[in-house]
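Everything below concerns the one structure shown next.
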Amino acid sequence: MNKVLSRRSFLRNSSEVFHKSCIVLTTPMILSACKEASKDYSDSPNFKILSVNEGKEYAAIASRIIPSDESPGANEAGVVFFMDNVLSDGRELEHNILKEGLKNLQAMGVENFGASGFYSLNTDQQDQLLEEIEGAEFFETMRYLTIAGMLSLPEYQGNRDNIGFKMLGYENRHAWASPYGYYDTGYPLLGDK
(Lines give C-alpha, C1' and ligand atoms only; values in the text may rest on other atoms or scores of the structure.)
Protein backbone atom coordinates (compact mmCIF):
# COMPACT_ATOMS: atom_id res chain seq x y z
CA MET A 1 0.00 0.00 0.00
CA ASN A 2 2.83 2.42 0.83
CA LYS A 3 4.42 1.71 -2.57
CA VAL A 4 1.14 2.58 -4.35
CA LEU A 5 0.75 5.75 -2.29
CA SER A 6 4.34 6.80 -2.90
CA ARG A 7 3.91 6.28 -6.66
CA ARG A 8 0.64 8.25 -6.58
CA SER A 9 2.41 11.01 -4.67
CA PHE A 10 5.22 10.99 -7.23
CA LEU A 11 2.78 11.30 -10.12
CA ARG A 12 0.80 14.06 -8.38
CA ASN A 13 3.97 16.05 -7.70
CA SER A 14 5.19 15.45 -11.25
CA SER A 15 2.22 17.33 -12.65
CA GLU A 16 3.69 20.51 -11.18
CA VAL A 17 6.86 20.28 -13.29
CA PHE A 18 5.39 19.39 -16.69
CA HIS A 19 5.59 23.05 -17.68
CA LYS A 20 9.41 22.71 -17.73
CA SER A 21 9.28 20.09 -20.48
CA CYS A 22 10.39 21.09 -23.98
CA ILE A 23 7.53 18.95 -25.32
CA VAL A 24 3.89 19.72 -24.63
CA LEU A 25 1.41 17.16 -25.88
CA THR A 26 -2.31 17.56 -26.34
CA THR A 27 -4.60 14.62 -25.61
CA PRO A 28 -5.02 13.77 -29.32
CA MET A 29 -1.22 13.82 -29.76
CA ILE A 30 -0.78 11.44 -26.81
CA LEU A 31 -3.50 9.10 -28.07
CA SER A 32 -2.01 9.03 -31.56
CA ALA A 33 1.49 8.37 -30.24
CA CYS A 34 0.19 5.60 -28.00
CA LYS A 35 -1.55 3.84 -30.84
CA GLU A 36 1.58 4.00 -33.01
CA ALA A 37 3.90 3.05 -30.15
CA SER A 38 2.03 -0.14 -29.41
CA LYS A 39 1.86 -1.09 -33.09
CA ASP A 40 5.56 -0.44 -33.58
CA TYR A 41 6.57 -2.38 -30.51
CA SER A 42 4.62 -5.44 -31.55
CA ASP A 43 5.73 -5.26 -35.19
CA SER A 44 9.47 -4.85 -34.58
CA PRO A 45 11.87 -3.54 -31.96
CA ASN A 46 13.24 -0.89 -34.34
CA PHE A 47 12.95 2.80 -33.61
CA LYS A 48 11.69 5.43 -36.02
CA ILE A 49 14.01 8.24 -34.99
CA LEU A 50 16.02 7.16 -31.95
CA SER A 51 19.35 5.47 -32.39
CA VAL A 52 19.85 2.13 -30.63
CA ASN A 53 22.08 3.88 -28.08
CA GLU A 54 19.51 6.63 -27.46
CA GLY A 55 16.84 3.97 -27.01
CA LYS A 56 18.93 2.17 -24.38
CA GLU A 57 19.71 5.42 -22.59
CA TYR A 58 16.14 6.75 -22.62
CA ALA A 59 14.78 3.37 -21.51
CA ALA A 60 17.26 3.36 -18.60
CA ILE A 61 16.25 6.89 -17.60
CA ALA A 62 12.55 6.05 -17.80
CA SER A 63 13.24 2.94 -15.71
CA ARG A 64 14.65 5.11 -12.93
CA ILE A 65 11.71 7.53 -13.14
CA ILE A 66 9.17 4.69 -12.88
CA PRO A 67 11.18 1.64 -11.85
CA SER A 68 10.23 -2.02 -12.00
CA ASP A 69 10.01 -3.53 -8.56
CA GLU A 70 7.12 -5.58 -7.17
CA SER A 71 5.14 -4.19 -10.06
CA PRO A 72 6.06 -3.51 -13.68
CA GLY A 73 7.48 -0.11 -14.58
CA ALA A 74 8.33 2.02 -17.59
CA ASN A 75 10.29 -0.74 -19.34
CA GLU A 76 7.41 -3.20 -19.28
CA ALA A 77 5.00 -0.48 -20.43
CA GLY A 78 7.14 0.18 -23.53
CA VAL A 79 7.58 3.87 -22.68
CA VAL A 80 10.69 4.24 -24.87
CA PHE A 81 8.62 3.35 -27.96
CA PHE A 82 6.08 5.99 -26.98
CA MET A 83 8.96 8.50 -26.74
CA ASP A 84 10.27 7.45 -30.15
CA ASN A 85 6.87 8.02 -31.75
CA VAL A 86 6.41 11.40 -30.13
CA LEU A 87 9.87 12.57 -31.21
CA SER A 88 9.45 11.23 -34.75
CA ASP A 89 6.34 13.34 -35.28
CA GLY A 90 8.14 16.44 -36.64
CA ARG A 91 9.90 17.26 -33.39
CA GLU A 92 13.48 17.63 -34.58
CA LEU A 93 14.09 20.65 -32.34
CA GLU A 94 12.91 18.79 -29.24
CA HIS A 95 14.84 15.70 -30.26
CA ASN A 96 17.99 17.82 -30.54
CA ILE A 97 17.35 19.29 -27.08
CA LEU A 98 17.10 15.76 -25.69
CA LYS A 99 20.23 14.65 -27.57
CA GLU A 100 22.17 17.53 -26.02
CA GLY A 101 20.80 16.73 -22.57
CA LEU A 102 21.77 13.09 -23.01
CA LYS A 103 25.32 14.10 -24.04
CA ASN A 104 25.61 16.18 -20.87
CA LEU A 105 24.31 13.30 -18.74
CA GLN A 106 26.76 10.91 -20.38
CA ALA A 107 29.61 13.38 -19.76
CA MET A 108 28.63 13.43 -16.08
CA GLY A 109 28.73 9.62 -16.11
CA VAL A 110 32.27 9.67 -17.50
CA GLU A 111 33.40 12.33 -15.03
CA ASN A 112 31.84 10.76 -11.93
CA PHE A 113 32.02 7.04 -12.68
CA GLY A 114 34.18 6.48 -15.76
CA ALA A 115 31.24 5.06 -17.73
CA SER A 116 29.96 6.75 -20.89
CA GLY A 117 26.65 4.88 -20.99
CA PHE A 118 23.99 5.83 -18.45
CA TYR A 119 22.38 2.42 -18.93
CA SER A 120 25.64 0.70 -17.91
CA LEU A 121 25.71 2.37 -14.49
CA ASN A 122 24.21 0.69 -11.43
CA THR A 123 20.91 2.07 -10.14
CA ASP A 124 22.49 4.07 -7.29
CA GLN A 125 24.83 5.81 -9.74
CA GLN A 126 21.95 6.44 -12.14
CA ASP A 127 19.84 7.92 -9.36
CA GLN A 128 22.71 10.15 -8.25
CA LEU A 129 23.14 11.59 -11.76
CA LEU A 130 19.40 12.11 -12.23
CA GLU A 131 19.13 13.89 -8.89
CA GLU A 132 21.85 16.28 -10.05
CA ILE A 133 19.88 17.24 -13.17
CA GLU A 134 16.41 17.27 -11.64
CA GLY A 135 14.68 20.48 -12.67
CA ALA A 136 16.65 20.75 -15.93
CA GLU A 137 14.67 20.83 -19.18
CA PHE A 138 16.12 17.47 -20.27
CA PHE A 139 15.11 15.65 -17.10
CA GLU A 140 11.67 17.25 -16.90
CA THR A 141 10.99 16.34 -20.54
CA MET A 142 12.05 12.75 -19.88
CA ARG A 143 9.81 12.64 -16.80
CA TYR A 144 6.90 14.10 -18.77
CA LEU A 145 7.26 11.60 -21.61
CA THR A 146 7.68 8.69 -19.19
CA ILE A 147 4.50 9.50 -17.31
CA ALA A 148 2.56 10.24 -20.51
CA GLY A 149 3.65 6.87 -21.91
CA MET A 150 2.68 5.08 -18.70
CA LEU A 151 -0.76 6.62 -18.24
CA SER A 152 -2.15 6.93 -21.73
CA LEU A 153 -5.52 5.39 -22.47
CA PRO A 154 -5.22 1.66 -23.04
CA GLU A 155 -7.89 1.58 -25.75
CA TYR A 156 -5.37 3.55 -27.78
CA GLN A 157 -2.71 1.05 -26.65
CA GLY A 158 -0.56 3.51 -24.71
CA ASN A 159 0.30 1.72 -21.52
CA ARG A 160 0.89 -1.86 -22.53
CA ASP A 161 -1.29 -4.34 -20.63
CA ASN A 162 -2.72 -1.47 -18.53
CA ILE A 163 0.52 -1.36 -16.55
CA GLY A 164 0.13 2.33 -15.69
CA PHE A 165 -3.45 1.90 -14.54
CA LYS A 166 -2.60 -1.18 -12.48
CA MET A 167 0.22 0.77 -10.85
CA LEU A 168 -2.36 3.29 -9.61
CA GLY A 169 -4.90 0.65 -8.65
CA TYR A 170 -7.34 1.87 -11.31
CA GLU A 171 -9.65 -0.63 -12.98
CA ASN A 172 -10.53 0.47 -16.48
CA ARG A 173 -14.10 -0.80 -16.77
CA HIS A 174 -16.98 0.75 -18.61
CA ALA A 175 -19.91 1.48 -16.30
CA TRP A 176 -22.49 -0.10 -18.58
CA ALA A 177 -20.63 -3.16 -19.79
CA SER A 178 -22.10 -6.55 -19.06
CA PRO A 179 -22.35 -8.54 -16.93
CA TYR A 180 -24.54 -6.06 -15.15
CA GLY A 181 -24.62 -5.91 -11.39
CA TYR A 182 -27.25 -5.90 -8.71
CA TYR A 183 -28.38 -2.38 -9.62
CA ASP A 184 -30.43 -3.55 -12.61
CA THR A 185 -31.59 -7.02 -11.61
CA GLY A 186 -34.94 -5.75 -10.33
CA TYR A 187 -35.90 -4.02 -13.56
CA PRO A 188 -37.90 -5.94 -16.16
CA LEU A 189 -36.47 -6.13 -19.65
CA LEU A 190 -38.46 -4.76 -22.57
CA GLY A 191 -41.08 -7.24 -23.56
CA ASP A 192 -41.17 -8.91 -20.08
CA LYS A 193 -44.64 -9.04 -18.54
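Letters A, B, ... mark the chains of the C-alpha coordinates in the order given; residue numbers begin at 1 per chain; ligand numbers begin at 1, in order shown.
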
What are the closest atom pairs, with distances in Å to one decimal, for each residue of range 54-90 of chain A lying within 12 Å of range 112-118 of chain A, using only C-alpha atoms, rows by chain and rising residue number, as a Markdown table?
| residue | atom | partner | partner_atom | distance |
| --- | --- | --- | --- | --- |
| A:Glu54 | CA | A:Gly117 | CA | 9.8 |
| A:Gly55 | CA | A:Phe118 | CA | 11.3 |
| A:Lys56 | CA | A:Phe118 | CA | 8.6 |
| A:Glu57 | CA | A:Phe118 | CA | 6.0 |
| A:Tyr58 | CA | A:Phe118 | CA | 8.9 |
| A:Ala59 | CA | A:Phe118 | CA | 10.0 |
| A:Ala60 | CA | A:Phe118 | CA | 7.2 |
| A:Ile61 | CA | A:Phe118 | CA | 7.9 |
| A:Ala62 | CA | A:Phe118 | CA | 11.5 |
| A:Ser63 | CA | A:Phe118 | CA | 11.5 |
| A:Arg64 | CA | A:Phe118 | CA | 10.9 |

Show me, as JSON, numbers by chain, the residues that have an atom within 12 Å of range 98-107 of chain A when counting only C-alpha atoms, minus same-chain residues fewer than 5 positions from it.
{"A": [21, 22, 23, 49, 50, 51, 53, 54, 55, 56, 57, 58, 60, 61, 83, 84, 87, 91, 92, 93, 112, 113, 114, 115, 116, 117, 118, 119, 120, 121, 125, 126, 127, 128, 129, 130, 131, 132, 133, 134, 136, 137, 138, 139, 140, 141, 142, 143, 145]}

Using only C-alpha atoms, find the one residue out of A:Val80, A:Ile66, A:Ala74, A:Leu151 that sits nearest to Val52 in chain A.
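The closest residue to Val52 in chain A is A:Val80.
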
Between CA of Thr146 in chain A and CA of Glu70 in chain A, what is the spacing in Å?
18.7 Å

Atomic distance CA of His95 in chain A - CA of Gly109 in chain A, expressed in Å with one decimal:
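CA of Gly109 in chain A lies 20.7 Å from CA of His95 in chain A.
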